[in-house]
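Structure file query-v8.pdb (PDB, C-alpha atoms, pLDDT in the B column) is printed below.
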ATOM      1  CA  MET T 141     -20.959 -37.325  29.485  1.00 80.00           C
ATOM      2  CA  GLU T 142     -18.964 -34.401  30.891  1.00 84.00           C
ATOM      3  CA  LEU T 143     -16.420 -34.743  28.092  1.00 87.00           C
ATOM      4  CA  MET T 144     -19.174 -34.597  25.457  1.00 86.00           C
ATOM      5  CA  ILE T 145     -20.609 -31.423  27.005  1.00 88.00           C
ATOM      6  CA  THR T 146     -17.142 -29.837  27.107  1.00 88.00           C
ATOM      7  CA  ILE T 147     -16.539 -30.716  23.447  1.00 89.00           C
ATOM      8  CA  ALA T 148     -19.950 -29.304  22.457  1.00 88.00           C
ATOM      9  CA  ILE T 149     -19.251 -26.035  24.285  1.00 89.00           C
ATOM     10  CA  LEU T 150     -15.805 -25.826  22.686  1.00 87.00           C
ATOM     11  CA  ALA T 151     -17.339 -26.357  19.223  1.00 85.00           C
ATOM     12  CA  ILE T 152     -19.877 -23.580  19.811  1.00 85.00           C
ATOM     13  CA  VAL T 153     -17.228 -21.132  21.041  1.00 82.00           C
ATOM     14  CA  THR T 154     -14.989 -21.971  18.083  1.00 78.00           C
ATOM     15  CA  ALA T 155     -17.856 -21.440  15.624  1.00 78.00           C
ATOM     16  CA  LEU T 156     -18.568 -18.029  17.147  1.00 77.00           C
ATOM     17  CA  ALA T 157     -14.911 -16.934  17.220  1.00 68.00           C
ATOM     18  CA  ALA T 158     -13.971 -17.930  13.650  1.00 67.00           C
ATOM     19  CA  PRO T 159     -15.716 -15.026  11.811  1.00 67.00           C
ATOM     20  CA  SER T 160     -14.159 -12.362  14.035  1.00 68.00           C
ATOM     21  CA  PHE T 161     -10.765 -13.996  13.646  1.00 73.00           C
ATOM     22  CA  SER T 162     -11.136 -13.896   9.850  1.00 74.00           C
ATOM     23  CA  GLU T 163     -11.970 -10.185   9.968  1.00 75.00           C
ATOM     24  CA  SER T 164      -8.931  -9.591  12.167  1.00 78.00           C
ATOM     25  CA  ILE T 165      -6.718 -11.279   9.589  1.00 78.00           C
ATOM     26  CA  ARG T 166      -8.226  -9.196   6.745  1.00 78.00           C
ATOM     27  CA  ARG T 167      -7.802  -5.983   8.759  1.00 79.00           C
ATOM     28  CA  ASN T 168      -4.157  -6.836   9.481  1.00 82.00           C
ATOM     29  CA  LYS T 169      -3.513  -7.462   5.778  1.00 81.00           C
ATOM     30  CA  ARG T 170      -5.012  -4.055   4.884  1.00 81.00           C
ATOM     31  CA  ILE T 171      -2.878  -2.342   7.519  1.00 83.00           C
ATOM     32  CA  SER T 172       0.247  -4.199   6.409  1.00 83.00           C
ATOM     33  CA  CYS T 173      -0.324  -3.276   2.761  1.00 82.00           C
ATOM     34  CA  THR T 174      -0.928   0.373   3.702  1.00 85.00           C
ATOM     35  CA  ASN T 175       2.221   0.503   5.813  1.00 87.00           C
ATOM     36  CA  GLN T 176       4.284  -1.080   3.034  1.00 87.00           C
ATOM     37  CA  LEU T 177       2.978   1.430   0.486  1.00 87.00           C
ATOM     38  CA  VAL T 178       3.502   4.443   2.750  1.00 90.00           C
ATOM     39  CA  GLY T 179       6.978   3.233   3.693  1.00 91.00           C
ATOM     40  CA  THR T 180       7.985   2.873   0.042  1.00 91.00           C
ATOM     41  CA  LEU T 181       6.715   6.349  -0.828  1.00 92.00           C
ATOM     42  CA  GLN T 182       8.403   7.887   2.231  1.00 94.00           C
ATOM     43  CA  LEU T 183      11.657   6.198   1.258  1.00 93.00           C
ATOM     44  CA  ALA T 184      11.452   7.665  -2.249  1.00 93.00           C
ATOM     45  CA  ARG T 185      10.835  11.164  -0.911  1.00 94.00           C
ATOM     46  CA  SER T 186      13.573  10.998   1.704  1.00 94.00           C
ATOM     47  CA  GLU T 187      16.085   9.627  -0.835  1.00 93.00           C
ATOM     48  CA  ALA T 188      15.300  12.518  -3.202  1.00 93.00           C
ATOM     49  CA  VAL T 189      15.989  15.040  -0.455  1.00 94.00           C
ATOM     50  CA  ARG T 190      19.020  13.184   0.920  1.00 94.00           C
ATOM     51  CA  ARG T 191      20.666  12.717  -2.481  1.00 92.00           C
ATOM     52  CA  GLY T 192      19.580  16.117  -3.816  1.00 92.00           C
ATOM     53  CA  GLN T 193      18.318  14.523  -7.026  1.00 92.00           C
ATOM     54  CA  THR T 194      15.096  13.366  -8.632  1.00 92.00           C
ATOM     55  CA  ILE T 195      13.835   9.938  -7.571  1.00 93.00           C
ATOM     56  CA  THR T 196      11.185   8.217  -9.690  1.00 92.00           C
ATOM     57  CA  VAL T 197       8.311   6.064  -8.407  1.00 92.00           C
ATOM     58  CA  THR T 198       6.556   3.717 -10.809  1.00 89.00           C
ATOM     59  CA  ALA T 199       4.368   0.626 -10.846  1.00 84.00           C
ATOM     60  CA  PRO T 200       5.116  -0.925 -14.254  1.00 77.00           C
ATOM     61  CA  ASN T 201       2.921  -4.001 -13.726  1.00 74.00           C
ATOM     62  CA  GLY T 202       0.178  -2.308 -11.708  1.00 74.00           C
ATOM     63  CA  ILE T 203       0.355  -1.163  -8.121  1.00 75.00           C
ATOM     64  CA  ALA T 204      -0.899  -4.495  -6.770  1.00 70.00           C
ATOM     65  CA  GLN T 205       2.281  -6.119  -8.143  1.00 75.00           C
ATOM     66  CA  GLY T 206       4.636  -3.702  -6.368  1.00 80.00           C
ATOM     67  CA  ILE T 207       6.358  -0.364  -6.791  1.00 86.00           C
ATOM     68  CA  THR T 208       9.806   0.421  -8.172  1.00 89.00           C
ATOM     69  CA  VAL T 209      11.794   3.333  -6.724  1.00 91.00           C
ATOM     70  CA  TYR T 210      14.830   4.391  -8.749  1.00 91.00           C
ATOM     71  CA  ARG T 211      17.136   7.238  -9.707  1.00 90.00           C
ATOM     72  CA  ASP T 212      17.410   7.809 -13.438  1.00 83.00           C
ATOM     73  CA  ASP T 213      21.118   8.601 -13.751  1.00 82.00           C
ATOM     74  CA  ASN T 214      21.234   8.231 -17.540  1.00 82.00           C
ATOM     75  CA  ALA T 215      17.874  10.031 -18.089  1.00 79.00           C
ATOM     76  CA  ASP T 216      16.492   7.272 -20.306  1.00 82.00           C
ATOM     77  CA  GLY T 217      13.205   6.959 -18.389  1.00 78.00           C
ATOM     78  CA  ASP T 218      13.854   3.310 -17.463  1.00 79.00           C
ATOM     79  CA  ALA T 219      14.866   1.686 -14.193  1.00 80.00           C
ATOM     80  CA  ASP T 220      18.204   0.098 -14.989  1.00 79.00           C
ATOM     81  CA  SER T 221      19.406  -2.537 -12.503  1.00 80.00           C
ATOM     82  CA  ASP T 222      22.154  -0.292 -11.098  1.00 82.00           C
ATOM     83  CA  GLU T 223      19.687   2.603 -10.584  1.00 86.00           C
ATOM     84  CA  ILE T 224      17.048   0.767  -8.534  1.00 86.00           C
ATOM     85  CA  ILE T 225      16.788   1.846  -4.909  1.00 90.00           C
ATOM     86  CA  GLN T 226      13.906  -0.429  -3.896  1.00 87.00           C
ATOM     87  CA  LEU T 227      11.525  -2.946  -5.404  1.00 85.00           C
ATOM     88  CA  SER T 228       8.558  -3.262  -3.060  1.00 84.00           C
ATOM     89  CA  GLY T 229       6.737  -6.564  -2.880  1.00 76.00           C
ATOM     90  CA  ARG T 230       3.138  -7.024  -3.830  1.00 74.00           C
ATOM     91  CA  CYS T 231       0.340  -6.697  -1.312  1.00 75.00           C
ATOM     92  CA  ASN T 232      -1.120 -10.057  -0.344  1.00 66.00           C
ATOM     93  CA  GLY T 233      -4.831 -10.082   0.284  1.00 64.00           C
ATOM     94  CA  PRO T 234      -6.360  -6.651  -0.093  1.00 60.00           C
ATOM     95  CA  ASP T 235      -7.289  -5.111  -3.413  1.00 68.00           C
ATOM     96  CA  VAL T 236      -5.181  -2.035  -4.198  1.00 68.00           C
ATOM     97  CA  VAL T 237      -6.693   0.434  -6.650  1.00 68.00           C
ATOM     98  CA  VAL T 238      -5.429   3.789  -7.878  1.00 62.00           C
ATOM     99  CA  SER T 239      -8.620   5.833  -7.595  1.00 64.00           C
ATOM    100  CA  SER T 240      -7.134   9.044  -9.014  1.00 55.00           C
ATOM    101  CA  GLY T 241      -3.780   9.960 -10.481  1.00 54.00           C
ATOM    102  CA  ASP T 242      -1.037   7.748 -11.862  1.00 66.00           C
ATOM    103  CA  ILE T 243       1.791   5.768 -10.256  1.00 81.00           C
ATOM    104  CA  GLU T 244       4.423   7.258 -12.510  1.00 87.00           C
ATOM    105  CA  PHE T 245       5.894  10.333 -10.890  1.00 91.00           C
ATOM    106  CA  SER T 246       9.069  11.660  -9.339  1.00 91.00           C
ATOM    107  CA  TYR T 247      10.095  13.338  -6.125  1.00 94.00           C
ATOM    108  CA  THR T 248      12.372  16.321  -6.655  1.00 93.00           C
ATOM    109  CA  ALA T 249      15.313  17.317  -4.475  1.00 92.00           C
ATOM    110  CA  ASP T 250      13.052  19.591  -2.389  1.00 93.00           C
ATOM    111  CA  GLY T 251      10.666  16.690  -1.562  1.00 92.00           C
ATOM    112  CA  GLN T 252       7.863  17.788  -3.869  1.00 92.00           C
ATOM    113  CA  THR T 253       6.372  15.699  -6.665  1.00 93.00           C
ATOM    114  CA  THR T 254       6.261  16.240 -10.405  1.00 91.00           C
ATOM    115  CA  MET T 255       2.531  15.400 -10.441  1.00 90.00           C
ATOM    116  CA  ALA T 256       0.013  17.907 -11.784  1.00 88.00           C
ATOM    117  CA  SER T 257      -2.605  16.768  -9.257  1.00 88.00           C
ATOM    118  CA  SER T 258      -2.868  14.586  -6.161  1.00 88.00           C
ATOM    119  CA  LEU T 259      -2.735  10.806  -6.243  1.00 87.00           C
ATOM    120  CA  ALA T 260      -5.227   8.647  -4.302  1.00 87.00           C
ATOM    121  CA  ILE T 261      -4.763   4.925  -3.703  1.00 85.00           C
ATOM    122  CA  ASP T 262      -7.542   2.797  -2.176  1.00 83.00           C
ATOM    123  CA  ILE T 263      -6.788  -0.364  -0.220  1.00 82.00           C
ATOM    124  CA  CYS T 264      -9.856  -2.563   0.293  1.00 79.00           C
ATOM    125  CA  ASP T 265     -10.679  -6.185   0.918  1.00 73.00           C
ATOM    126  CA  THR T 266     -11.800  -7.919  -2.279  1.00 65.00           C
ATOM    127  CA  GLU T 267     -14.093 -10.320  -0.426  1.00 65.00           C
ATOM    128  CA  THR T 268     -16.387  -7.761   1.194  1.00 61.00           C
ATOM    129  CA  SER T 269     -17.745  -4.298   0.492  1.00 60.00           C
ATOM    130  CA  GLY T 270     -18.983  -1.595   2.812  1.00 67.00           C
ATOM    131  CA  GLU T 271     -16.165  -2.275   5.250  1.00 71.00           C
ATOM    132  CA  SER T 272     -13.383  -0.027   6.407  1.00 77.00           C
ATOM    133  CA  GLY T 273     -10.443   0.340   4.056  1.00 81.00           C
ATOM    134  CA  ARG T 274      -7.526   2.747   3.806  1.00 84.00           C
ATOM    135  CA  LYS T 275      -6.942   5.623   1.401  1.00 87.00           C
ATOM    136  CA  VAL T 276      -3.354   6.735   0.838  1.00 89.00           C
ATOM    137  CA  SER T 277      -3.052  10.189  -0.711  1.00 91.00           C
ATOM    138  CA  VAL T 278       0.080  11.715  -2.180  1.00 91.00           C
ATOM    139  CA  LEU T 279      -0.258  15.480  -2.450  1.00 92.00           C
ATOM    140  CA  VAL T 280       1.566  17.514  -5.083  1.00 91.00           C
ATOM    141  CA  SER T 281       3.684  18.929  -2.248  1.00 92.00           C
ATOM    142  CA  GLY T 282       4.932  15.379  -1.570  1.00 91.00           C
ATOM    143  CA  VAL T 283       3.062  15.023   1.713  1.00 92.00           C
ATOM    144  CA  LEU T 284       1.541  11.582   2.360  1.00 91.00           C
ATOM    145  CA  ARG T 285      -1.772  11.023   4.096  1.00 90.00           C
ATOM    146  CA  SER T 286      -3.346   7.751   5.139  1.00 88.00           C
ATOM    147  CA  SER T 287      -6.958   7.777   6.246  1.00 88.00           C
ATOM    148  CA  PRO T 288      -9.792   5.300   6.769  1.00 87.00           C
ATOM    149  CA  PHE T 289     -12.738   5.196   4.368  1.00 83.00           C
ATOM    150  CA  THR T 290     -15.627   2.898   3.498  1.00 83.00           C
ATOM    151  CA  CYS T 291     -14.974   0.580   0.559  1.00 78.00           C
ATOM    152  CA  SER T 292     -17.598   0.214  -2.129  1.00 74.00           C
TER     153      SER T 292
END

Structure translated into structure tokens:
Amino acid sequence: MELMITIAILAIVTALAAPSFSESIRRNKRISCTNQLVGTLQLARSEAVRRGQTITVTAPNGIAQGITVYRDDNADGDADSDEIIQLSGRCNGPDVVVSSGDIEFSYTADGQTTMASSLAIDICDTETSGESGRKVSVLVSGVLRSSPFTCS
């Protein structure tokens, strides 16, 4: 009898804990994706300054599939295999959307971008709306900002 009561209590506690655990996993995926994106963009900017040359950032298959960072030594506009600095992996889990701007820009040797206006990237969970997501902004000056916002 005592064993059955213990098992029943354990089942109730498990049922109550599962939803919060799922949200924790989703939140960690959003944070991981944001950190990966910010890290890739910071690498591109620092490489441009360190090398004293233009470094290009592009997402040829969409930002959710990853970002390519490369130097265009032969000025052909393509990332040749010997020019690639980093290929970032895709974000697993959250939905990544470019809300304004375009992931096709360069950092110049002074750390600024070649963009005409700022770039905003939203990172939200595809399964729920109205929850906290992250917005990564790349300013024309090259400065990166990551801030929380409510997904729609």

Pull the closest atom pair for each residue of stretch 204-292 of chain T that gets at most 8 Å from stretch 168-188 of chain T, along with the distance in Å to one decimal, counting all atoms listed in the file, ordering rows by chain and then ascending residue number, as a tab-separated table.
residue	atom	partner	partner_atom	distance
T:Ile207	CA	T:Thr180	CA	7.7
T:Val209	CA	T:Ala184	CA	6.2
T:Gln226	CA	T:Thr180	CA	7.8
T:Ser228	CA	T:Thr180	CA	6.9
T:Cys231	CA	T:Cys173	CA	5.4
T:Asn232	CA	T:Lys169	CA	7.1
T:Gly233	CA	T:Lys169	CA	6.2
T:Pro234	CA	T:Arg170	CA	5.8
T:Tyr247	CA	T:Arg185	CA	5.7
T:Thr248	CA	T:Ala188	CA	5.9
T:Ala249	CA	T:Ala188	CA	5.0
T:Asp250	CA	T:Ala188	CA	7.5
T:Gly251	CA	T:Arg185	CA	5.6
T:Gln252	CA	T:Arg185	CA	7.8
T:Ile263	CA	T:Arg170	CA	6.5
T:Cys264	CA	T:Arg170	CA	6.8
T:Asp265	CA	T:Arg170	CA	7.2
T:Gly273	CA	T:Arg170	CA	7.0
T:Arg274	CA	T:Thr174	CA	7.0
T:Val276	CA	T:Thr174	CA	7.4
T:Gly282	CA	T:Arg185	CA	7.3
T:Leu284	CA	T:Val178	CA	7.4
T:Ser286	CA	T:Thr174	CA	7.9

Next item on the list: Pick out the closest residue to T:Ile261 from this set: T:Asp222, T:Ser281, T:Gly202, T:Asn214. Count only C-alpha atoms.
Entry: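 Among the listed residues, T:Gly202 lies closest to T:Ile261.
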
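Of the listed residues (T:Val197, T:Ala155, T:Leu150, T:Val278), T:Val197 comes nearest to T:Leu227; the distances count all atoms listed in the file.
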
Notebook entry, point to check: What does the distance between atom CA of T:Ile203 and atom CA of T:Phe245 come to in Å, to one decimal place?
Noted result: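 Those two atoms sit 13.1 Å apart.
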
Check: Near T:Gly217, counting all atoms listed in the file, which residues have an atom at most 12 Å away, once you skip same-chain residues fewer than 6 positions from it, shown as a ChimeraX atom specification?
Finding: /T:194-198,210-211,223,244-246

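The coordinates place atom CA of T:Phe161 at 20.2 Å from atom CA of T:Ile147.
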
Notebook entry, point to check: Could you work out how far atom CA of T:Gln205 lies from atom CA of T:Ile225, giving the answer in Å with one decimal?
Noted result: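 Going from atom CA of T:Ile225 over to atom CA of T:Gln205 covers 16.9 Å.
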
Checklist line | Nearest residue to T:Glu271 from the set T:Glu163, T:Arg190, T:Val283, T:Val153 (distances using only C-alpha atoms) | finding: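 Selected residue with least distance to T:Glu271: T:Glu163.
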
Could you write stretch 276-292 of chain T as a short mmCIF file (atom, residue, chain, number, x, y, z; two decimals), in the frame of the given file, with N, CA and C atoms rebuilt where they are missing?
data_model
loop_
_atom_site.label_atom_id
_atom_site.label_comp_id
_atom_site.auth_asym_id
_atom_site.auth_seq_id
_atom_site.Cartn_x
_atom_site.Cartn_y
_atom_site.Cartn_z
N VAL T 276 -4.65 6.08 0.77
CA VAL T 276 -3.35 6.74 0.84
C VAL T 276 -3.35 7.82 -0.22
N SER T 277 -3.09 9.05 0.21
CA SER T 277 -3.05 10.19 -0.71
C SER T 277 -1.65 10.75 -0.76
N VAL T 278 -1.20 11.05 -1.98
CA VAL T 278 0.08 11.72 -2.18
C VAL T 278 -0.26 13.08 -2.76
N LEU T 279 0.02 14.13 -1.99
CA LEU T 279 -0.26 15.48 -2.45
C LEU T 279 0.85 15.96 -3.37
N VAL T 280 0.57 16.96 -4.17
CA VAL T 280 1.57 17.51 -5.08
C VAL T 280 2.79 18.00 -4.31
N SER T 281 2.58 18.45 -3.09
CA SER T 281 3.68 18.93 -2.25
C SER T 281 4.58 17.78 -1.77
N GLY T 282 4.16 16.54 -2.00
CA GLY T 282 4.93 15.38 -1.57
C GLY T 282 4.46 14.79 -0.25
N VAL T 283 3.57 15.49 0.43
CA VAL T 283 3.06 15.02 1.71
C VAL T 283 2.18 13.79 1.51
N LEU T 284 2.34 12.81 2.40
CA LEU T 284 1.54 11.58 2.36
C LEU T 284 0.47 11.64 3.44
N ARG T 285 -0.70 11.14 3.11
CA ARG T 285 -1.77 11.02 4.10
C ARG T 285 -2.39 9.64 3.96
N SER T 286 -2.66 9.04 5.10
CA SER T 286 -3.35 7.75 5.14
C SER T 286 -4.57 7.93 6.03
N SER T 287 -5.73 7.59 5.48
CA SER T 287 -6.96 7.78 6.25
C SER T 287 -7.92 6.63 5.99
N PRO T 288 -8.78 6.36 6.96
CA PRO T 288 -9.79 5.30 6.77
C PRO T 288 -10.92 5.80 5.86
N PHE T 289 -11.54 4.89 5.15
CA PHE T 289 -12.74 5.20 4.37
C PHE T 289 -13.52 3.91 4.16
N THR T 290 -14.77 4.05 3.71
CA THR T 290 -15.63 2.90 3.50
C THR T 290 -15.50 2.43 2.05
N CYS T 291 -15.14 1.17 1.89
CA CYS T 291 -14.97 0.58 0.56
C CYS T 291 -16.33 0.38 -0.10
N SER T 292 -16.34 0.44 -1.41
CA SER T 292 -17.60 0.21 -2.13
C SER T 292 -17.59 -1.12 -2.84
#
